[in-house]
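Structure record follows, encoded as structure tokens.
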Amino acid sequence: MKSSDAGGISEADLDALERDHPEGFSTQQVVELFAARGERLSEATFRKYVQLGLLPRSVRVGRKGKHQGSQGLYPATVVRQLDRIRRLMGEGLTIGEIRKDYLFLGDIDGAARQLSQLLTNIDEVIGSRAETEGVDEVASRALGEARELTEQLIAKLRAIEQRLAMRARMARAAV
């Protein structure tokens with residue numbers, strides 16, 4: 001992983017991590033990712049961020065094999081969120097300020113994941129029914145429109161979030 005000029009992980013590397021790990025990451029994997037970059041991140045700090053609501057909670061996923069139990073996996077976007085938190089702290093923000101001004105940090109990513117999963121589920125239903133009932137052009141077209149609207153909605157929410165973040169930065173700089 002490369003660092004970007006502004007510190008942190010480059011956008012291309014974040015995109016690649018999310019694409020290459022759709023199942024998500026364990027706490028240990030996240031800690032190891034940052035350690036590989038020479039950045040300290042303890043499991044305790046990671047868990048603290050989760051408890052404070054700065055990062056999403058894990059989802060329990062069963063391990064393959066008999067009596068292997070389960071493990072908590074965090075969405076792949078957790079690395080992006082952690083990187084952002086670390087950048088904000090590097091800019092002098094406290095955890096309290098981040099919680100106050102950036103509480104929705106993971107909410108947009110979570111909404112994007114949920115909407116994506118919903119659209120995928122609908123697509124699978126349309127596909128399975130196409131095999132027995134024929135292709136439903138109206139439903140397929142409507143699903144395509146819903147995907148476009150979802151992308152527009154998420155982009156708008158991210159733009160609002162960026163604007164609010166900029167305003168919070170400007171307000172702190174004026175003090």
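Residue numbering restarts at 1 for every chain of the structure tokens, chains are lettered A, B, ... in their displayed order, and ligands are numbered from 1 as they appear.
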Legend entry - DSSP-assigned strand (DSSP E or B) among region 3-174 of chain A, expressed as a list of chain:residue names: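 So the strand (DSSP E or B) residues in region 3-174 of chain A would be A:Ser3, A:Ile9, A:Phe25, A:Val59, A:Arg60, A:Val61, A:Gly62, A:Ser70, A:Gln71, A:Gly72, A:Leu73, A:Tyr74.
Shortest atom-to-atom contact with Asp123 (chain A) among A:Ile108, A:Gln152, A:Arg141, A:Val50: A:Arg141, counting only C-alpha atoms.
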Inset, instruction - Point out the residue among A:Gly8, A:Gly127, A:Gly53, A:Gly24 with the least atom-to-atom distance to Val78 (chain A), counting only C-alpha atoms. - result: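 Checking each candidate against Val78 (chain A), we get A:Gly24 as the closest.
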Legend entry - Neighbour list for Ala146 (chain A) as number ranges by chain, cut-off 10 Å, only C-alpha atoms, skip fewer than 6 positions in-chain: A: 115, 119, 140, 152
Inset, instruction - Using only C-alpha atoms, find the one residue out of A:Arg158, A:Val31, A:Ser26, A:Arg87 that sits nearest to Arg60 (chain A). - result: A:Ser26
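Neighbouring residues of Ser116 (chain A) at 9 Å or closer, counting only C-alpha atoms and skipping chain neighbours under 4 positions away, are Ala111, Ala112, Thr120, Asn121, Arg147 and Thr150 of chain A.
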Produce a file of the selected residues containing C-alpha atoms, as a compact mmCIF listing (two decimals), in the first residue's frame.
# COMPACT_ATOMS: atom_id res chain seq x y z
CA ALA A 111 -26.16 2.89 3.47
CA ALA A 112 -24.26 2.33 0.21
CA THR A 120 -28.14 -7.37 -5.87
CA ASN A 121 -30.89 -9.39 -4.16
CA ARG A 147 -28.95 1.62 -9.47
CA THR A 150 -28.60 4.98 -5.75
Legend entry - Counting only C-alpha atoms, the option among A:Glu151, A:Glu131, A:Asp13, A:Glu145 closest to Leu33 (chain A):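 Once distances to Leu33 (chain A) are computed over only C-alpha atoms, the minimum belongs to A:Asp13.
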Inset, instruction - Find the spatial neighbours of Val79 (chain A), counting only C-alpha atoms, within a cut-off of 9 Å - ignore same-chain residues fewer than 2 positions away - and output them as a ChimeraX atom specification. - result: /A:9,14,17-18,25,30,33-34,75-77,81-84
Inset, instruction - Within chain A, find each residue whose DSSP state, derived from the backbone, is alpha helix (DSSP H), and express the selection as a ChimeraX atom specification. - result: /A:11-20,27-36,43-51,78-90,95-101,105-133,137-174
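Computed from the coordinates, the CA of Leu93 (chain A) to CA of Arg169 (chain A) distance equals 9.3 Å.
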Inset, instruction - May I ask for the distance between CA of Thr27 (chain A) and CA of Tyr74 (chain A), given in Å to one decimal place? - result: 7.5 Å
